[in-house]
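Working notes, beginning with the structure itself.
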Amino acid sequence: MKTITKKILCIFVSILMMLTFTSCSSNALRGEKAIKIDELPDIDVPGVYYEIFVGGFSDSDEDGTGDIKGIINRIDYLNDGDPLSGKSLGIEGIWLMPIMQAGSYHKYDVIDYYSIDLNYGTMEDFEQLISVCDDKGIDIIIDLVLNHTSEYNRWFLDLKNAIKEGDKDNKYMDWYSITTDSSKGWHKLAEDPDGVQYYYEGNFSPSMPELNMDNQEVLDEIDNIVKFWLEKGVKGFRLDAVKYVYLSNDIKNIEFWKWFA
């Protein structure tokens, strides 16, 4: 029995060493280097956050869709303010999936960045939720979708009309990623009065056109959107699809998020 055990142990150690050397060799071939960290950064580690898809959480008016008032009605389930009660989850934060006016059920296609989706309630409802959560010591972060909008966003509709009217000086002509090159395989947008066909980039769906982050006006608008929601009382944002701001361009993606931060 001891001999069998020793043999099994030797086989196990041999396999482990082979895997280790293979891993090291693989990393070396990829040019990866070990990074030495002398000291971990001093960061404030957040507590437990509860992610909520508002439309499916709690329906206050029984219309078949969850809403912000429904969250308020269930707030004691999430945190009743008494850590010793044992009657709530005791969360310290809520992450709200997209709540802005949108064209789909998932709401990652924003129509209006400065409003609450009509199916979820009103801005007054949201402000009440912020107030209730502040009383309970609950922070709120929200999904912020920046790389694309809805095809029904006013900016995109104005772009389409500008192309049809031949208004090349319209500011929205430079707000989205567009081209007249059909070889890119992008989605048809509109024709100008001269018959030139324009196309737009939509990496996730034809219903979600990509914004042009090389345009300073777009960046200024993003800055305004962030300030708006911070002033409403949100503590931060969950940023969607961060590696797709520039498709297949990690360097520009990193530059964008450095700017955002």
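In the structure tokens, each chain is lettered A, B, ... as it comes, each chain's residues begin at 1, and ligands are numbered from 1 in order of appearance.
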
May I have the residues within 7 Å of Val48 (chain A) as a PyMOL selection string, using only C-alpha atoms and disregarding those fewer than 6 positions away in the same chain?
chain A and resi 91-93

In region 13-231 of chain A, what's alpha helix (DSSP H) per DSSP? Answer as a PyMOL selection string?
chain A and resi 13-29+68-73+75-78+123-136+154-165+216-231

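With only C-alpha atoms taken into account, the protein and nucleic acid residues at most 8 Å from Asp112 (chain A) (excluding it and anything under 3 positions from it in its own chain) are Met100, Gln101, Ala102, Ser115, Asn153 and Arg154 of chain A.
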
Go ahead and dump the residues you just picked, N, CA and C atoms, as a PDB file, in the first residue's frame.
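Okay, this is what ended up in result-v1.pdb:
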ATOM      1  N   MET A 100     -32.480  54.959 -18.037  1.00  0.00           N
ATOM      2  CA  MET A 100     -32.781  56.114 -18.881  1.00  0.00           C
ATOM      3  C   MET A 100     -33.744  55.730 -20.001  1.00  0.00           C
ATOM      4  N   GLN A 101     -34.442  56.725 -20.527  1.00  0.00           N
ATOM      5  CA  GLN A 101     -35.400  56.472 -21.603  1.00  0.00           C
ATOM      6  C   GLN A 101     -34.720  55.746 -22.752  1.00  0.00           C
ATOM      7  N   ALA A 102     -35.292  54.612 -23.159  1.00  0.00           N
ATOM      8  CA  ALA A 102     -34.654  53.763 -24.162  1.00  0.00           C
ATOM      9  C   ALA A 102     -35.705  53.126 -25.061  1.00  0.00           C
ATOM     10  N   SER A 115     -33.306  61.557 -18.669  1.00  0.00           N
ATOM     11  CA  SER A 115     -34.653  61.220 -18.214  1.00  0.00           C
ATOM     12  C   SER A 115     -34.717  59.785 -17.707  1.00  0.00           C
ATOM     13  N   ASN A 153     -32.553  58.180 -30.724  1.00  0.00           N
ATOM     14  CA  ASN A 153     -32.004  59.329 -30.013  1.00  0.00           C
ATOM     15  C   ASN A 153     -32.075  60.564 -30.920  1.00  0.00           C
ATOM     16  N   ARG A 154     -32.406  61.705 -30.339  1.00  0.00           N
ATOM     17  CA  ARG A 154     -32.559  62.936 -31.124  1.00  0.00           C
ATOM     18  C   ARG A 154     -31.299  63.251 -31.928  1.00  0.00           C
TER      19      ARG A 154
END

Close residues, Pro209 (chain A) itself excluded, 10 Å, only C-alpha atoms, min 3 positions apart in chain, as a list in words:
Asp109, Asn147, His148, Thr149, Ser150, Glu151, Tyr152, Asn153, Phe156, Tyr176, Ser177, Ile178, His187, Leu189, Tyr200, Glu201, Gly202, Asn203, Phe204, Ser205, Pro206 and Asn212 of chain A

Please save C-alpha atoms of the selected residues as a PDB file, in the first residue's frame.
ATOM      1  CA  ASP A 109     -30.001  51.848 -26.250  1.00  0.00           C
ATOM      2  CA  ASN A 147     -20.344  53.957 -26.691  1.00  0.00           C
ATOM      3  CA  HIS A 148     -23.675  53.900 -28.533  1.00  0.00           C
ATOM      4  CA  THR A 149     -27.194  55.349 -28.381  1.00  0.00           C
ATOM      5  CA  SER A 150     -30.618  54.355 -29.641  1.00  0.00           C
ATOM      6  CA  GLU A 151     -31.430  54.889 -33.304  1.00  0.00           C
ATOM      7  CA  TYR A 152     -34.290  57.008 -31.944  1.00  0.00           C
ATOM      8  CA  ASN A 153     -32.004  59.329 -30.013  1.00  0.00           C
ATOM      9  CA  PHE A 156     -29.098  60.349 -34.503  1.00  0.00           C
ATOM     10  CA  TYR A 176     -21.574  59.373 -34.869  1.00  0.00           C
ATOM     11  CA  SER A 177     -19.176  57.000 -36.567  1.00  0.00           C
ATOM     12  CA  ILE A 178     -20.287  57.245 -40.213  1.00  0.00           C
ATOM     13  CA  HIS A 187     -25.498  49.750 -41.772  1.00  0.00           C
ATOM     14  CA  LEU A 189     -28.116  55.411 -42.841  1.00  0.00           C
ATOM     15  CA  TYR A 200     -23.103  54.047 -39.756  1.00  0.00           C
ATOM     16  CA  GLU A 201     -21.242  51.795 -37.351  1.00  0.00           C
ATOM     17  CA  GLY A 202     -23.405  49.619 -35.109  1.00  0.00           C
ATOM     18  CA  ASN A 203     -21.345  46.892 -33.507  1.00  0.00           C
ATOM     19  CA  PHE A 204     -24.001  45.468 -31.208  1.00  0.00           C
ATOM     20  CA  SER A 205     -27.132  46.040 -33.285  1.00  0.00           C
ATOM     21  CA  PRO A 206     -28.400  48.201 -36.163  1.00  0.00           C
ATOM     22  CA  ASN A 212     -17.783  59.355 -32.452  1.00  0.00           C
TER      23      ASN A 212
END

Using only C-alpha atoms, find the one residue out of A:Asp61, A:Ala190, A:His106, A:Glu210 that sits nearest to Ala162 (chain A).
A:Ala190

Using only C-alpha atoms, pick whichever of A:Asp250, A:Asp44, A:Glu127, A:Asp240 has the shortest atom-to-atom distance to Tyr108 (chain A).
A:Asp240

For Leu89 (chain A): contacts at 8 Å, only C-alpha atoms, fewer than 5 positions along chain excluded, given as a compact mmCIF listing (two decimals) with N, CA and C atoms, in the first residue's frame:
# COMPACT_ATOMS: atom_id res chain seq x y z
N TYR A 77 -36.41 45.18 2.66
CA TYR A 77 -35.92 43.84 2.34
C TYR A 77 -34.43 43.90 2.02
N LEU A 78 -34.01 44.99 1.39
CA LEU A 78 -32.60 45.15 1.02
C LEU A 78 -31.76 45.61 2.20
N ASN A 79 -32.28 46.59 2.94
CA ASN A 79 -31.58 47.08 4.14
C ASN A 79 -32.60 47.83 5.00

Residues at most 10 Å from Arg238 (chain A), counting only C-alpha atoms, excluding those fewer than 4 positions away in the same chain, as a PyMOL selection string?
chain A and resi 95-98+141-145+242

Distance in Å - CA of Gln197 (chain A) versus CA of Ile163 (chain A):
9.1 Å

Fewer than 5 positions away in the same chain doesn't count, so skip those; otherwise give me all residues within 9 Å of Asn253 (chain A), counting only C-alpha atoms, as a PDB file with N, CA and C atoms, in the first residue's frame.
ATOM      1  N   VAL A 242     -16.817  48.478 -22.070  1.00  0.00           N
ATOM      2  CA  VAL A 242     -15.693  49.420 -22.054  1.00  0.00           C
ATOM      3  C   VAL A 242     -14.665  49.171 -23.158  1.00  0.00           C
ATOM      4  N   LYS A 243     -14.564  47.957 -23.641  1.00  0.00           N
ATOM      5  CA  LYS A 243     -13.545  47.691 -24.667  1.00  0.00           C
ATOM      6  C   LYS A 243     -14.061  47.906 -26.088  1.00  0.00           C
ATOM      7  N   TYR A 244     -15.292  48.402 -26.197  1.00  0.00           N
ATOM      8  CA  TYR A 244     -15.874  48.600 -27.525  1.00  0.00           C
ATOM      9  C   TYR A 244     -16.108  50.064 -27.872  1.00  0.00           C
ATOM     10  N   VAL A 245     -15.552  50.985 -27.099  1.00  0.00           N
ATOM     11  CA  VAL A 245     -15.655  52.398 -27.467  1.00  0.00           C
ATOM     12  C   VAL A 245     -15.016  52.596 -28.838  1.00  0.00           C
ATOM     13  N   TYR A 246     -13.838  52.005 -29.002  1.00  0.00           N
ATOM     14  CA  TYR A 246     -13.191  51.913 -30.310  1.00  0.00           C
ATOM     15  C   TYR A 246     -13.016  50.426 -30.597  1.00  0.00           C
ATOM     16  N   LEU A 247     -13.694  49.924 -31.606  1.00  0.00           N
ATOM     17  CA  LEU A 247     -13.656  48.498 -31.892  1.00  0.00           C
ATOM     18  C   LEU A 247     -12.247  48.060 -32.282  1.00  0.00           C
ATOM     19  N   SER A 248     -11.724  47.064 -31.561  1.00  0.00           N
ATOM     20  CA  SER A 248     -10.410  46.471 -31.851  1.00  0.00           C
ATOM     21  C   SER A 248      -9.276  47.486 -31.802  1.00  0.00           C
ATOM     22  N   LYS A 258      -9.042  56.884 -19.696  1.00  0.00           N
ATOM     23  CA  LYS A 258      -8.196  57.778 -18.898  1.00  0.00           C
ATOM     24  C   LYS A 258      -8.796  59.179 -18.886  1.00  0.00           C
TER      25      LYS A 258
END

What residues in region 3-230 of chain A get the DSSP label strand (DSSP E or B)? Please answer as an NGL selection string.
:A and (49-52 or 93-96 or 100-102 or 110-116 or 139-144 or 148 or 176 or 178-179 or 187-191 or 197-200 or 210-211)

Work out how far CA of Ser88 (chain A) is from CA of Arg74 (chain A), in Å to one decimal.
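Pair CA of Arg74 (chain A) / CA of Ser88 (chain A) returns 10.1 Å.
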
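Among the candidate residues A:Phe237, A:Tyr50, A:Trp229, A:Tyr105, the one lying nearest to Tyr120 (chain A) is A:Tyr105, with distances computed using only C-alpha atoms.
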
Can you tell me how far CA of Phe53 (chain A) sits from CA of Asp76 (chain A), in Å to one decimal?
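We find that CA of Phe53 (chain A) and CA of Asp76 (chain A) lie 17.8 Å from each other.
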
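For the set A:Ile130, A:Ile72, A:Ile52, A:Leu159, the residue with the smallest atom-to-atom gap to Val234 (chain A) is A:Ile130, counting only C-alpha atoms.
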